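K.L.:
Below is the file query.cif, with mmCIF, C-alpha atoms and all ligand atoms.
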```
data_start
#
loop_
_atom_site.label_atom_id
_atom_site.label_comp_id
_atom_site.auth_asym_id
_atom_site.auth_seq_id
_atom_site.Cartn_x
_atom_site.Cartn_y
_atom_site.Cartn_z
CA MET A 1 30.60 -0.05 -25.74
CA GLN A 2 30.86 3.71 -25.13
CA THR A 3 34.13 5.53 -25.74
CA PRO A 4 35.80 7.06 -22.67
CA ILE A 5 36.05 10.82 -22.81
CA SER A 6 38.73 13.05 -21.41
CA GLY A 7 38.23 16.73 -20.64
CA PHE A 8 34.44 16.29 -20.26
CA SER A 9 34.20 19.00 -17.62
CA ARG A 10 35.74 21.53 -20.02
CA LEU A 11 32.99 21.03 -22.63
CA SER A 12 30.14 23.54 -22.77
CA LYS A 13 26.78 22.45 -21.37
CA GLU A 14 25.42 21.87 -24.90
CA GLU A 15 28.46 19.84 -25.85
CA LYS A 16 28.14 17.70 -22.74
CA ILE A 17 24.51 16.98 -23.51
CA ASP A 18 25.27 16.21 -27.15
CA TRP A 19 27.97 13.77 -26.11
CA ILE A 20 25.66 11.99 -23.66
CA VAL A 21 22.82 11.83 -26.16
CA SER A 22 25.11 10.37 -28.80
CA GLN A 23 26.70 7.85 -26.43
CA TYR A 24 23.73 6.66 -24.39
CA PHE A 25 20.49 7.68 -26.14
CA ASN A 26 21.19 6.76 -29.73
CA GLN A 27 20.83 10.44 -30.73
CA LYS A 28 17.17 10.43 -29.64
CA PRO A 29 16.11 14.13 -29.69
CA GLU A 30 13.71 13.64 -26.73
CA ALA A 31 16.69 12.84 -24.52
CA LYS A 32 18.02 16.36 -25.08
CA ASP A 33 14.56 17.95 -24.95
CA THR A 34 13.86 16.44 -21.54
CA LEU A 35 16.97 18.07 -20.16
CA THR A 36 16.51 21.47 -21.79
CA SER A 37 12.81 21.64 -20.88
CA TYR A 38 13.89 21.75 -17.23
CA TRP A 39 16.26 24.67 -17.73
CA ASN A 40 15.17 27.87 -16.07
CA GLN A 41 14.06 30.51 -18.58
CA ASP A 42 15.85 33.14 -16.54
CA GLU A 43 19.44 32.71 -17.71
CA LYS A 44 20.96 34.29 -14.62
CA ARG A 45 19.04 31.94 -12.37
CA GLN A 46 20.07 28.97 -14.48
CA ALA A 47 23.70 30.05 -14.34
CA LEU A 48 23.45 30.17 -10.54
CA HIS A 49 22.26 26.55 -10.45
CA ASP A 50 24.83 25.51 -13.03
CA ASP A 51 27.55 26.68 -10.68
CA PHE A 52 26.40 24.65 -7.66
CA ILE A 53 28.12 21.51 -8.97
CA GLU A 54 30.34 20.35 -11.79
CA ASN A 55 28.90 19.12 -15.10
CA THR A 56 25.38 20.49 -14.53
CA ILE A 57 23.19 19.59 -17.49
CA SER A 58 19.73 20.36 -16.13
CA ASN A 59 17.74 20.86 -12.94
CA TYR A 60 16.24 18.02 -10.94
CA TYR A 61 12.86 19.04 -9.54
CA LEU A 62 11.50 17.98 -6.17
CA PRO A 63 8.15 19.35 -5.05
CA LEU A 64 8.38 22.02 -2.37
CA GLY A 65 5.32 21.70 -0.15
CA VAL A 66 4.31 23.36 3.09
CA ALA A 67 2.73 21.97 6.24
CA PRO A 68 0.84 24.67 8.15
CA ASN A 69 -0.38 24.94 11.76
CA PHE A 70 2.73 23.82 13.62
CA ASN A 71 2.45 25.19 17.12
CA ILE A 72 6.01 25.08 18.43
CA ASN A 73 6.50 26.49 21.92
CA GLY A 74 3.42 28.66 21.36
CA GLU A 75 4.50 30.04 17.99
CA LEU A 76 2.59 29.08 14.84
CA LEU A 77 4.78 28.03 11.94
CA THR A 78 4.25 26.82 8.40
CA ILE A 79 7.05 24.38 7.61
CA PRO A 80 8.57 24.05 4.12
CA MET A 81 9.22 20.48 2.97
CA ALA A 82 11.00 19.33 -0.19
CA ILE A 83 10.19 15.67 -0.81
CA GLU A 84 8.91 13.32 -3.49
CA GLU A 85 6.91 10.89 -1.32
CA SER A 86 3.19 11.61 -1.75
CA SER A 87 1.93 11.19 1.80
CA VAL A 88 4.63 12.97 3.81
CA VAL A 89 3.42 16.58 3.72
CA ALA A 90 -0.20 15.56 4.26
CA ALA A 91 0.83 13.45 7.26
CA ALA A 92 2.86 16.34 8.71
CA ALA A 93 -0.06 18.75 8.32
CA LYS A 94 -2.40 16.24 9.95
CA ALA A 95 -0.09 15.70 12.91
CA ALA A 96 0.40 19.47 13.27
CA LYS A 97 -3.36 19.97 13.49
CA TYR A 98 -3.76 17.06 15.92
CA TRP A 99 -1.12 18.37 18.34
CA GLY A 100 -2.09 22.00 17.76
CA GLU A 101 -5.38 21.12 19.42
CA ARG A 102 -3.55 19.50 22.35
CA GLY A 103 -1.05 22.13 23.47
CA GLY A 104 1.35 21.96 20.55
CA PHE A 105 4.96 20.80 20.29
CA LYS A 106 7.61 21.70 22.84
CA THR A 107 11.32 21.76 22.13
CA GLU A 108 14.71 22.41 23.65
CA ILE A 109 18.36 22.33 22.62
CA ILE A 110 20.45 19.88 24.61
CA GLY A 111 23.84 20.74 23.08
CA GLU A 112 25.50 22.42 20.12
CA GLU A 113 28.92 20.79 20.05
CA LYS A 114 30.53 19.89 16.73
CA ILE A 115 33.54 17.59 16.42
CA GLY A 116 36.63 17.30 14.24
CA GLN A 117 39.66 15.05 14.35
CA VAL A 118 43.26 14.92 13.17
CA HIS A 119 44.14 11.24 12.74
CA PHE A 120 47.86 10.56 12.89
CA ILE A 121 50.53 7.92 13.38
CA TYR A 122 53.23 8.44 16.01
CA THR A 123 55.68 5.74 16.98
CA GLY A 124 57.04 7.15 20.24
CA ASP A 125 56.10 7.41 23.88
CA ALA A 126 52.44 8.30 24.44
CA ALA A 127 52.96 10.08 27.78
CA LYS A 128 55.63 12.34 26.28
CA LEU A 129 53.32 13.19 23.38
CA GLY A 130 50.45 13.85 25.80
CA SER A 131 52.32 16.42 27.87
CA PHE A 132 53.72 18.01 24.72
CA ILE A 133 50.22 18.46 23.24
CA THR A 134 49.01 20.05 26.50
CA GLU A 135 51.99 22.42 26.35
CA ILE A 136 51.46 23.48 22.74
CA THR A 137 47.64 23.68 22.69
CA PRO A 138 47.65 27.49 23.31
CA ARG A 139 50.02 27.82 20.34
CA PHE A 140 47.67 25.82 18.13
CA LEU A 141 44.84 28.18 19.03
CA GLU A 142 47.04 31.16 18.29
CA ASP A 143 48.14 29.62 14.98
CA VAL A 144 44.56 29.35 13.68
CA SER A 145 43.42 32.72 15.02
CA ASP A 146 43.07 34.11 11.49
CA ILE A 147 40.58 31.30 10.72
CA THR A 148 38.75 31.52 14.05
CA ALA A 149 38.62 35.32 14.54
CA ASN A 150 35.22 35.83 12.88
CA MET A 151 33.68 32.78 14.46
CA ILE A 152 34.89 33.93 17.90
CA LYS A 153 33.29 37.34 17.24
CA ARG A 154 30.00 35.55 16.56
CA GLY A 155 30.28 33.65 19.84
CA GLY A 156 31.84 30.40 18.61
CA GLY A 157 35.25 28.89 17.95
CA ILE A 158 37.30 25.94 19.13
CA THR A 159 35.98 24.80 22.50
CA GLY A 160 38.31 21.89 23.26
CA LEU A 161 41.36 19.99 22.07
CA GLU A 162 42.65 16.72 23.46
CA LEU A 163 44.96 13.92 22.48
CA ARG A 164 43.33 10.51 22.22
CA ASP A 165 45.51 7.44 22.37
CA LYS A 166 43.99 4.86 20.01
CA THR A 167 46.95 2.48 20.00
CA ALA A 168 44.87 -0.28 21.60
CA GLU A 169 42.72 -0.27 18.45
CA MET A 170 45.45 0.29 15.87
CA GLN A 171 49.22 0.33 16.20
CA ASP A 172 50.67 3.85 16.71
CA TYR A 173 47.33 5.52 16.02
CA PHE A 174 46.53 8.80 17.82
CA GLN A 175 43.97 11.53 17.36
CA LEU A 176 43.68 15.17 18.14
CA HIS A 177 40.02 15.32 19.05
CA LEU A 178 38.63 18.85 18.81
CA THR A 179 35.26 20.29 19.72
CA PHE A 180 33.76 23.40 18.14
CA HIS A 181 30.89 25.80 18.47
CA THR A 182 29.94 27.03 15.02
CA VAL A 183 26.94 29.22 16.01
CA ASP A 184 24.60 29.56 13.00
CA SER A 185 26.78 27.81 10.46
CA MET A 186 26.94 24.07 9.92
CA GLY A 187 30.65 24.67 10.19
CA ALA A 188 32.14 22.00 7.92
CA ASN A 189 34.49 24.37 6.10
CA PHE A 190 35.44 26.18 9.28
CA ILE A 191 36.17 22.95 11.13
CA ASN A 192 38.13 21.37 8.27
CA SER A 193 40.21 24.52 7.77
CA CYS A 194 41.09 24.61 11.48
CA LEU A 195 41.97 20.91 11.49
CA GLU A 196 44.20 21.05 8.43
CA ALA A 197 46.06 24.07 9.80
CA ILE A 198 46.50 22.43 13.22
CA ALA A 199 47.70 19.18 11.64
CA LYS A 200 50.47 21.08 9.82
CA ARG A 201 51.48 22.87 13.00
CA LEU A 202 51.53 19.59 14.93
CA GLN A 203 54.00 18.16 12.46
CA HIS A 204 56.05 21.34 12.58
CA TYR A 205 56.23 21.57 16.39
CA ILE A 206 57.20 17.93 16.85
CA ASN A 207 59.79 18.26 14.14
CA GLN A 208 61.41 21.24 15.81
CA ASP A 209 61.50 19.86 19.33
CA ASP A 210 64.61 18.11 20.63
CA ARG A 211 62.65 16.02 23.10
CA PHE A 212 61.59 13.83 20.16
CA THR A 213 63.93 11.37 18.51
CA SER A 214 64.34 11.54 14.76
CA GLU A 215 62.08 8.48 14.43
CA GLU A 216 59.39 10.06 16.62
CA LYS A 217 59.55 13.21 14.53
CA GLU A 218 58.35 11.23 11.53
CA ILE A 219 54.67 11.53 12.46
CA GLU A 220 52.27 10.80 9.64
CA ILE A 221 49.09 12.85 9.37
CA VAL A 222 46.62 10.33 7.96
CA MET A 223 43.74 12.78 7.60
CA SER A 224 42.05 15.81 9.14
CA ILE A 225 38.27 15.94 8.94
CA LEU A 226 35.14 16.88 10.85
CA SER A 227 32.94 14.12 12.23
CA ASN A 228 29.33 13.95 11.13
CA TYR A 229 28.61 12.13 14.37
CA VAL A 230 27.45 14.86 16.74
CA PRO A 231 26.01 13.17 19.85
CA ASN A 232 26.33 16.44 21.80
CA CYS A 233 24.52 18.59 19.24
CA ILE A 234 20.98 17.61 20.06
CA ALA A 235 17.49 19.03 19.59
CA LYS A 236 14.68 17.51 21.58
CA ALA A 237 10.99 17.75 20.65
CA TRP A 238 8.04 16.35 22.54
CA VAL A 239 4.27 16.30 22.84
CA ARG A 240 2.16 15.20 25.75
CA CYS A 241 -1.47 15.39 26.75
CA PRO A 242 -3.92 13.65 29.08
CA ILE A 243 -5.01 10.33 27.57
CA GLU A 244 -8.57 11.63 27.88
CA GLU A 245 -7.75 14.30 25.27
CA LEU A 246 -6.50 11.83 22.66
CA GLU A 247 -8.85 10.95 19.84
CA ALA A 248 -10.61 7.61 20.12
CA GLU A 249 -9.43 5.72 17.04
CA GLU A 250 -11.27 3.18 14.88
CA GLY A 251 -12.07 0.31 17.23
CA LEU A 252 -9.78 1.54 20.01
CA SER A 253 -10.55 3.46 23.17
CA LYS A 254 -8.31 6.43 23.95
CA ARG A 255 -6.34 4.43 26.50
CA ALA A 256 -6.08 1.37 24.25
CA PHE A 257 -4.76 3.61 21.48
CA ALA A 258 -2.18 5.18 23.82
CA GLU A 259 -1.05 1.76 25.04
CA LYS A 260 -0.85 0.30 21.55
CA PHE A 261 1.11 3.33 20.34
CA VAL A 262 3.60 2.97 23.20
CA ARG A 263 3.95 -0.75 22.45
CA ALA A 264 4.68 -0.01 18.79
CA VAL A 265 7.43 2.46 19.72
CA ASN A 266 8.87 -0.01 22.26
CA ILE A 267 9.05 -2.65 19.52
CA ALA A 268 11.11 -0.20 17.44
CA GLN A 269 13.33 0.32 20.49
CA LEU A 270 14.23 -3.34 20.79
CA GLU A 271 13.95 -4.66 17.24
CA PRO A 272 16.39 -3.33 14.60
CA TYR A 273 14.32 -4.38 11.55
CA ARG A 274 11.40 -2.34 12.84
CA ALA A 275 13.67 0.41 14.18
CA VAL A 276 15.10 1.17 10.75
CA THR A 277 11.65 1.64 9.22
CA HIS A 278 10.40 3.54 12.26
CA ASN A 279 13.37 5.91 11.98
CA LYS A 280 12.92 6.15 8.21
CA GLY A 281 9.48 7.59 8.98
CA ILE A 282 11.12 10.19 11.24
CA MET A 283 13.63 11.02 8.50
CA ASN A 284 10.76 11.58 6.04
CA GLY A 285 10.00 14.72 8.01
CA VAL A 286 13.58 15.58 8.92
CA ASP A 287 15.09 15.30 5.43
CA ALA A 288 12.24 17.22 3.81
CA VAL A 289 12.97 20.27 6.00
CA VAL A 290 16.73 19.78 5.84
CA ILE A 291 16.56 19.82 2.02
CA ALA A 292 14.10 22.74 1.84
CA THR A 293 16.47 24.77 4.02
CA GLY A 294 19.53 23.90 1.91
CA ASN A 295 21.24 21.75 4.50
CA ASP A 296 23.33 18.62 4.04
CA PHE A 297 20.90 15.71 4.44
CA ARG A 298 23.66 13.11 3.99
CA ALA A 299 25.49 14.51 7.01
CA VAL A 300 22.28 14.55 9.04
CA GLU A 301 21.32 11.01 7.96
CA ALA A 302 24.77 9.57 8.78
CA GLY A 303 24.85 11.25 12.19
CA VAL A 304 21.29 10.36 13.12
CA HIS A 305 21.69 6.65 12.37
CA ALA A 306 24.99 6.45 14.26
CA TYR A 307 23.15 8.02 17.20
CA ALA A 308 20.36 5.46 16.90
CA ALA A 309 23.00 2.74 17.36
CA ARG A 310 24.93 4.45 20.18
CA GLN A 311 23.99 1.78 22.72
CA GLY A 312 25.46 -0.98 20.61
CA GLN A 313 22.20 -1.94 18.90
CA TYR A 314 20.24 0.12 16.40
CA GLY A 315 17.02 1.34 18.01
CA SER A 316 14.20 3.85 17.83
CA LEU A 317 15.08 7.53 17.91
CA SER A 318 11.77 8.35 19.58
CA LYS A 319 10.29 7.28 22.89
CA ALA A 320 6.65 6.94 23.90
CA PHE A 321 5.37 6.34 27.40
CA ILE A 322 2.43 6.90 29.68
CA GLU A 323 3.14 8.97 32.78
CA GLY A 324 0.25 9.08 35.23
CA ASP A 325 -2.68 9.81 32.97
CA GLU A 326 -0.61 11.47 30.27
CA PHE A 327 0.46 10.18 26.90
CA CYS A 328 4.05 11.33 26.18
CA PHE A 329 5.97 11.12 22.95
CA GLU A 330 9.44 12.52 22.41
CA LEU A 331 12.38 12.60 20.06
CA GLU A 332 16.04 13.54 20.47
CA LEU A 333 18.00 14.12 17.29
CA PRO A 334 21.64 14.98 16.63
CA LEU A 335 21.50 17.72 14.00
CA ALA A 336 24.48 19.52 12.50
CA ILE A 337 22.78 22.12 10.36
CA GLY A 338 23.21 25.81 9.58
CA THR A 339 21.21 28.88 8.69
CA VAL A 340 24.12 30.88 7.29
CA GLY A 341 26.69 29.92 4.69
CA GLY A 342 26.33 27.09 2.19
CA LEU A 343 23.29 27.47 -0.05
CA THR A 344 21.25 29.42 2.48
CA LYS A 345 21.47 32.78 0.75
CA LEU A 346 22.29 31.43 -2.70
CA HIS A 347 19.43 29.11 -3.60
CA PRO A 348 16.30 31.26 -4.08
CA LEU A 349 13.95 28.57 -2.72
CA VAL A 350 16.16 27.97 0.29
CA LYS A 351 16.22 31.68 0.99
CA TRP A 352 12.42 31.72 0.62
CA SER A 353 12.02 28.74 2.96
CA MET A 354 14.21 30.41 5.57
CA GLU A 355 12.12 33.55 5.30
CA LEU A 356 8.93 31.51 5.69
CA LEU A 357 10.37 30.20 8.96
CA GLY A 358 11.21 33.74 10.10
CA ASN A 359 14.94 33.42 9.32
CA PRO A 360 15.66 31.13 12.27
CA SER A 361 18.98 30.73 14.04
CA ALA A 362 20.58 27.29 13.67
CA LYS A 363 19.31 26.43 17.15
CA GLU A 364 15.76 27.37 16.17
CA LEU A 365 15.97 25.44 12.91
CA MET A 366 17.25 22.34 14.75
CA GLN A 367 14.12 22.47 16.91
CA ILE A 368 11.82 22.90 13.91
CA ILE A 369 13.45 19.91 12.20
CA ALA A 370 13.08 17.76 15.31
CA VAL A 371 9.38 18.69 15.43
CA ALA A 372 8.95 17.73 11.77
CA GLY A 373 10.51 14.34 12.58
CA LEU A 374 8.33 13.78 15.63
CA ALA A 375 5.15 14.83 13.79
CA GLN A 376 5.93 12.47 10.94
CA ASN A 377 6.64 9.62 13.34
CA PHE A 378 3.38 10.27 15.19
CA ALA A 379 1.39 10.24 11.96
CA ALA A 380 3.03 7.01 10.76
CA VAL A 381 2.72 5.07 14.02
CA ARG A 382 -0.84 6.32 14.53
CA SER A 383 -1.82 4.93 11.13
CA LEU A 384 0.12 1.72 11.65
CA VAL A 385 -1.64 0.86 14.92
CA THR A 386 -5.10 1.83 13.66
CA SER A 387 -6.14 1.80 9.99
CA GLY A 388 -2.81 0.51 8.62
CA ILE A 389 -0.50 2.61 6.52
CA GLN A 390 -1.77 1.78 3.05
CA LYS A 391 -5.14 3.50 3.31
CA GLY A 392 -3.72 7.00 3.70
CA HIS A 393 -0.60 6.29 1.71
CA MET A 394 -2.41 4.97 -1.36
CA LYS A 395 -4.95 7.80 -1.18
CA MET A 396 -2.10 10.24 -1.51
CA HIS A 397 -0.52 8.10 -4.21
CA LEU A 398 -3.76 8.09 -6.25
CA LEU A 399 -2.79 11.17 -8.24
CA ASN A 400 0.54 9.60 -9.20
CA ILE A 401 -1.27 6.50 -10.48
CA LEU A 402 -3.79 8.64 -12.38
CA ASN A 403 -0.95 10.63 -13.96
CA GLN A 404 0.88 7.45 -14.85
CA LEU A 405 -2.29 6.21 -16.59
CA ASN A 406 -2.68 9.58 -18.39
CA ALA A 407 -6.08 10.29 -16.86
CA ASN A 408 -7.68 13.57 -17.93
CA ASP A 409 -9.07 16.16 -15.49
CA SER A 410 -12.60 14.84 -15.52
CA GLN A 411 -11.44 11.23 -14.99
CA LYS A 412 -9.26 12.41 -12.12
CA GLU A 413 -12.16 14.20 -10.48
CA LYS A 414 -14.37 11.11 -10.74
CA ALA A 415 -11.61 8.84 -9.48
CA ILE A 416 -10.88 11.04 -6.45
CA GLU A 417 -14.58 10.93 -5.55
CA HIS A 418 -14.84 7.18 -6.13
CA PHE A 419 -11.71 6.29 -4.12
CA LYS A 420 -12.89 8.25 -1.09
CA THR A 421 -14.68 5.07 -0.09
CA THR A 422 -12.76 2.37 -1.98
CA ALA A 423 -9.26 0.96 -1.48
CA VAL A 424 -6.71 2.36 -3.93
CA SER A 425 -4.47 0.04 -5.92
CA TYR A 426 -2.92 0.33 -9.36
CA SER A 427 -5.28 -2.23 -10.88
CA ALA A 428 -8.34 -0.81 -9.10
CA VAL A 429 -7.57 2.60 -10.62
CA GLU A 430 -6.92 1.06 -14.03
CA ASN A 431 -10.28 -0.78 -13.90
CA PHE A 432 -12.08 2.32 -12.72
CA LEU A 433 -10.69 4.39 -15.62
CA GLN A 434 -11.83 1.74 -18.10
CA SER A 435 -15.32 1.79 -16.59
CA VAL A 436 -15.75 5.58 -16.90
C1 LIG B 501 7.07 5.29 4.86
O1 LIG B 501 7.77 6.22 4.10
C2 LIG B 501 7.39 5.44 6.32
C3 LIG B 501 6.77 4.41 7.26
O2 LIG B 501 7.14 3.09 6.84
C4 LIG B 501 7.31 4.70 8.64
C5 LIG B 501 6.96 3.66 9.68
O3 LIG B 501 6.75 2.48 9.35
O4 LIG B 501 6.92 4.04 10.87
C6 LIG B 501 5.28 4.47 7.23
#
```
Give the structure from this file in structure tokens form.
P.N.:
Amino acid sequence: MQTPISGFSRLSKEEKIDWIVSQYFNQKPEAKDTLTSYWNQDEKRQALHDDFIENTISNYYLPLGVAPNFNINGELLTIPMAIEESSVVAAAAKAAKYWGERGGFKTEIIGEEKIGQVHFIYTGDAAKLGSFITEITPRFLEDVSDITANMIKRGGGITGLELRDKTAEMQDYFQLHLTFHTVDSMGANFINSCLEAIAKRLQHYINQDDRFTSEEKEIEIVMSILSNYVPNCIAKAWVRCPIEELEAEEGLSKRAFAEKFVRAVNIAQLEPYRAVTHNKGIMNGVDAVVIATGNDFRAVEAGVHAYAARQGQYGSLSKAFIEGDEFCFELELPLAIGTVGGLTKLHPLVKWSMELLGNPSAKELMQIIAVAGLAQNFAAVRSLVTSGIQKGHMKMHLLNILNQLNANDSQKEKAIEHFKTTAVSYSAVENFLQSV
């Protein structure tokens, strides 16, 4: 049984590691070496990473890959992707090439609205509260003007404030529901600061007003927080081309491929078990770009899946259909992301990734992310309805298996050649290595 420790965060990095190694690794020196071998040699750079979170003891690497040849609205982009799954970047690059030859990806922004709420308990008359909130809304906006001034200068700010009566769902429960435009920032800090300030003022104004009884004045602010559900902050991406221009796939005519593809997406629309995996494929592309650009993938994930269930049943985020003689495939994604603030200027690889993308605005980055999701979904469903997913997936996984089996360079070369025409599996690779 380990001994609890107090004041851990005040220990130096070395002391923290020593404590962990003594408590959990039986003083094994390799446990410390593994951590220190991932420290950056440049002390300043390491210090920067140390400061991102509390109790940093090392750096956790993810590969940063790039997928070239993305034609988005006529502009060619190379997209940075940070992800551990072997086949994702290859699939993105393949889909980019495929659609690059068929007119490219098109995108648009459907909305940019962010949301925040003050949740509170009020025991009095709802109509009285409603007219009071309408009356004091201009004062709220005035009260937070020191927080909103810069955002307003950049073209954003608070765009709406309304009282929502939630007493049918929970006794005495009300919300101030606010909408925001946060321009190029994700806006979490801005929104939360506004909400907390407004919550305090709400309490103050009710307290001071004689129209409320002493009981009504006792409002309780339960919490003030942004919502990661952003159904009006949407990027749409789509591809379409005449069925004649699709590639004929193994054993399928162009039309049969288009029809089978549409059927597969329809299954994801109506069947939650399939929908979750289908959407996971989309998020392979989305998260990889969200992480490479220093954005909050947990916020994006939470919001996206809530959106996928907005009709009461979890379904596909993408749609495929045939219109006349055209194959159409599209994706709408709620994306609360930013290109300023957060890690965007701080993390050297994030800064680099942003530069690679031409330092996009948040609106532009939302569209790029939606394209990455659509491309990934196309690649996955295309494989699923033709060769099956394992062929490509295991090919990409081959190097991981070879590394796990400690293959040397010459064995790797031979294995890569051999498995061009043979199915990859762990045991097949093991047998092959024994035979060479
Ligand atoms: C694997 O990471 C993602 C897929 O399962 C997505 C899908 O099934 O559509 C291949």
K.L.:
Just want the residues within 7 Å of ligand LIG 501 (chain B), written as JSON, numbers by chain, counting only C-alpha atoms and all ligand atoms.
P.N.:
{"A": [277, 278, 279, 280, 281, 284, 377, 380, 381, 389]}
K.L.:
Counting all atoms listed in the file, what is within 12 Å of Ala168 of chain A, bar same-chain residues fewer than 5 positions away, as a list in words?
P.N.:
Ala126, Tyr173 and Phe174 of chain A
K.L.:
Kindly give the distance, in Å, that separates atom CA of Trp352 of chain A and atom CA of Pro80 of chain A, rounded to a single decimal.
P.N.:
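Taking atom CA of Trp352 of chain A as the start and atom CA of Pro80 of chain A as the end point, the length is 9.3 Å.
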K.L.:
If you count all atoms listed in the file, which residues fall within 12 Å of Asn228 of chain A, apart from same-chain ones fewer than 4 positions away, as a PDB file with C-alpha atoms, in the coordinates of the input?
P.N.:
```pdb
ATOM      1  CA  GLU A 113      28.920  20.790  20.050  1.00  0.00           C
ATOM      2  CA  LYS A 114      30.530  19.890  16.730  1.00  0.00           C
ATOM      3  CA  ILE A 115      33.540  17.590  16.420  1.00  0.00           C
ATOM      4  CA  GLY A 116      36.630  17.300  14.240  1.00  0.00           C
ATOM      5  CA  GLN A 117      39.660  15.050  14.350  1.00  0.00           C
ATOM      6  CA  MET A 186      26.940  24.070   9.920  1.00  0.00           C
ATOM      7  CA  GLY A 187      30.650  24.670  10.190  1.00  0.00           C
ATOM      8  CA  ALA A 188      32.140  22.000   7.920  1.00  0.00           C
ATOM      9  CA  ILE A 191      36.170  22.950  11.130  1.00  0.00           C
ATOM     10  CA  ASN A 192      38.130  21.370   8.270  1.00  0.00           C
ATOM     11  CA  ASN A 232      26.330  16.440  21.800  1.00  0.00           C
ATOM     12  CA  CYS A 233      24.520  18.590  19.240  1.00  0.00           C
ATOM     13  CA  ASP A 296      23.330  18.620   4.040  1.00  0.00           C
ATOM     14  CA  PHE A 297      20.900  15.710   4.440  1.00  0.00           C
ATOM     15  CA  ARG A 298      23.660  13.110   3.990  1.00  0.00           C
ATOM     16  CA  ALA A 299      25.490  14.510   7.010  1.00  0.00           C
ATOM     17  CA  VAL A 300      22.280  14.550   9.040  1.00  0.00           C
ATOM     18  CA  GLU A 301      21.320  11.010   7.960  1.00  0.00           C
ATOM     19  CA  ALA A 302      24.770   9.570   8.780  1.00  0.00           C
ATOM     20  CA  GLY A 303      24.850  11.250  12.190  1.00  0.00           C
ATOM     21  CA  VAL A 304      21.290  10.360  13.120  1.00  0.00           C
ATOM     22  CA  HIS A 305      21.690   6.650  12.370  1.00  0.00           C
ATOM     23  CA  ALA A 306      24.990   6.450  14.260  1.00  0.00           C
ATOM     24  CA  TYR A 307      23.150   8.020  17.200  1.00  0.00           C
ATOM     25  CA  PRO A 334      21.640  14.980  16.630  1.00  0.00           C
ATOM     26  CA  LEU A 335      21.500  17.720  14.000  1.00  0.00           C
ATOM     27  CA  ALA A 336      24.480  19.520  12.500  1.00  0.00           C
ATOM     28  CA  ILE A 337      22.780  22.120  10.360  1.00  0.00           C
TER      29      ILE A 337
END
```
K.L.:
Between atom CA of Gly124 of chain A and atom CA of Asp143 of chain A, what is the distance, to one decimal in Å?
P.N.:
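For atom CA of Gly124 of chain A relative to atom CA of Asp143 of chain A, the distance reads 24.7 Å.
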K.L.:
Take every atom of segment 29-40 of chain A listed in the file, pad by 3 Å on each side, and give me the axis-aligned box centre and edge lengths in Å, one decimal, as JSON.
P.N.:
```
{"center_x": 15.4, "center_y": 20.4, "center_z": -22.9, "size_x": 11.2, "size_y": 21.0, "size_z": 19.6}
```
K.L.:
One decimal, Å: what's the distance from atom CA of Tyr60 of chain A over to atom CA of Val429 of chain A, could you say?
P.N.:
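Computed distance, atom CA of Tyr60 of chain A to atom CA of Val429 of chain A, equals 28.4 Å.
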K.L.:
Under the rule that only C-alpha atoms are counted, which of A:Ile17, A:Ile152, A:Ile225, A:Val371 is the nearest residue to Thr78 of chain A?
P.N.:
A:Val371
K.L.:
Which residues are close to Asp184 of chain A, i.e. within 7 Å by all atoms listed in the file, leaving aside same-chain residues fewer than 6 positions away? Reply as a list in words.
P.N.:
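So, after excluding close chain neighbours, the residues are Gly338, Thr339, Val340, Ser361 and Ala362 of chain A.
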K.L.:
Enumerate, as a list in words, the protein, DNA and RNA residues whose atoms approach (-4.3, 1.4, 23.5) to within 12 Å, taking into account only C-alpha atoms and the coordinate frame of the file.
P.N.:
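Output of the proximity query reads Ile243, Glu244, Leu246, Glu247, Ala248, Glu249, Glu250, Gly251, Leu252, Ser253, Lys254, Arg255, Ala256, Phe257, Ala258, Glu259, Lys260, Phe261, Val262, Arg263, Ala264, Phe321, Ile322, Phe327, Arg382, Val385 and Thr386 of chain A.
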K.L.:
Between A:Ile282, A:Val222, A:Val88, A:Leu356, which has the minimum distance to Glu330 of chain A (counting only C-alpha atoms)?
P.N.:
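Under the stated criterion, the closest residue is A:Ile282.
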K.L.:
Taking (22.8, 29.1, 1.5) as a centre in this file's frame and 12 Å as the limit, can you find every polymer residue with an atom that close, using all atoms listed in the file, and give them as a VMD selection string?
P.N.:
chain A and resid 52 184 to 186 290 to 296 337 to 354 359
K.L.:
With a distance cut-off of 9 Å and only C-alpha atoms, select the neighbouring residues of Gly104 of chain A, excluding the residue or stretch itself and same-chain residues fewer than 5 positions from it, and output the selection as a count of residues only.
P.N.:
12
K.L.:
Need the shell around Phe132 of chain A: protein/DNA/RNA residues with any atom at most 12 Å away, counting all atoms listed in the file. Skip same-chain ones fewer than 2 positions apart. Format as a short mmCIF file (atom, residue, chain, number, x, y, z; two decimals) with C-alpha atoms, in the frame of the given file?
P.N.:
```
data_model
loop_
_atom_site.label_atom_id
_atom_site.label_comp_id
_atom_site.auth_asym_id
_atom_site.auth_seq_id
_atom_site.Cartn_x
_atom_site.Cartn_y
_atom_site.Cartn_z
CA ASP A 125 56.10 7.41 23.88
CA ALA A 126 52.44 8.30 24.44
CA ALA A 127 52.96 10.08 27.78
CA LYS A 128 55.63 12.34 26.28
CA LEU A 129 53.32 13.19 23.38
CA GLY A 130 50.45 13.85 25.80
CA THR A 134 49.01 20.05 26.50
CA GLU A 135 51.99 22.42 26.35
CA ILE A 136 51.46 23.48 22.74
CA THR A 137 47.64 23.68 22.69
CA PRO A 138 47.65 27.49 23.31
CA ARG A 139 50.02 27.82 20.34
CA PHE A 140 47.67 25.82 18.13
CA GLU A 162 42.65 16.72 23.46
CA LEU A 163 44.96 13.92 22.48
CA LEU A 202 51.53 19.59 14.93
CA TYR A 205 56.23 21.57 16.39
CA ILE A 206 57.20 17.93 16.85
CA ASP A 209 61.50 19.86 19.33
CA ASP A 210 64.61 18.11 20.63
CA ARG A 211 62.65 16.02 23.10
CA PHE A 212 61.59 13.83 20.16
#
```
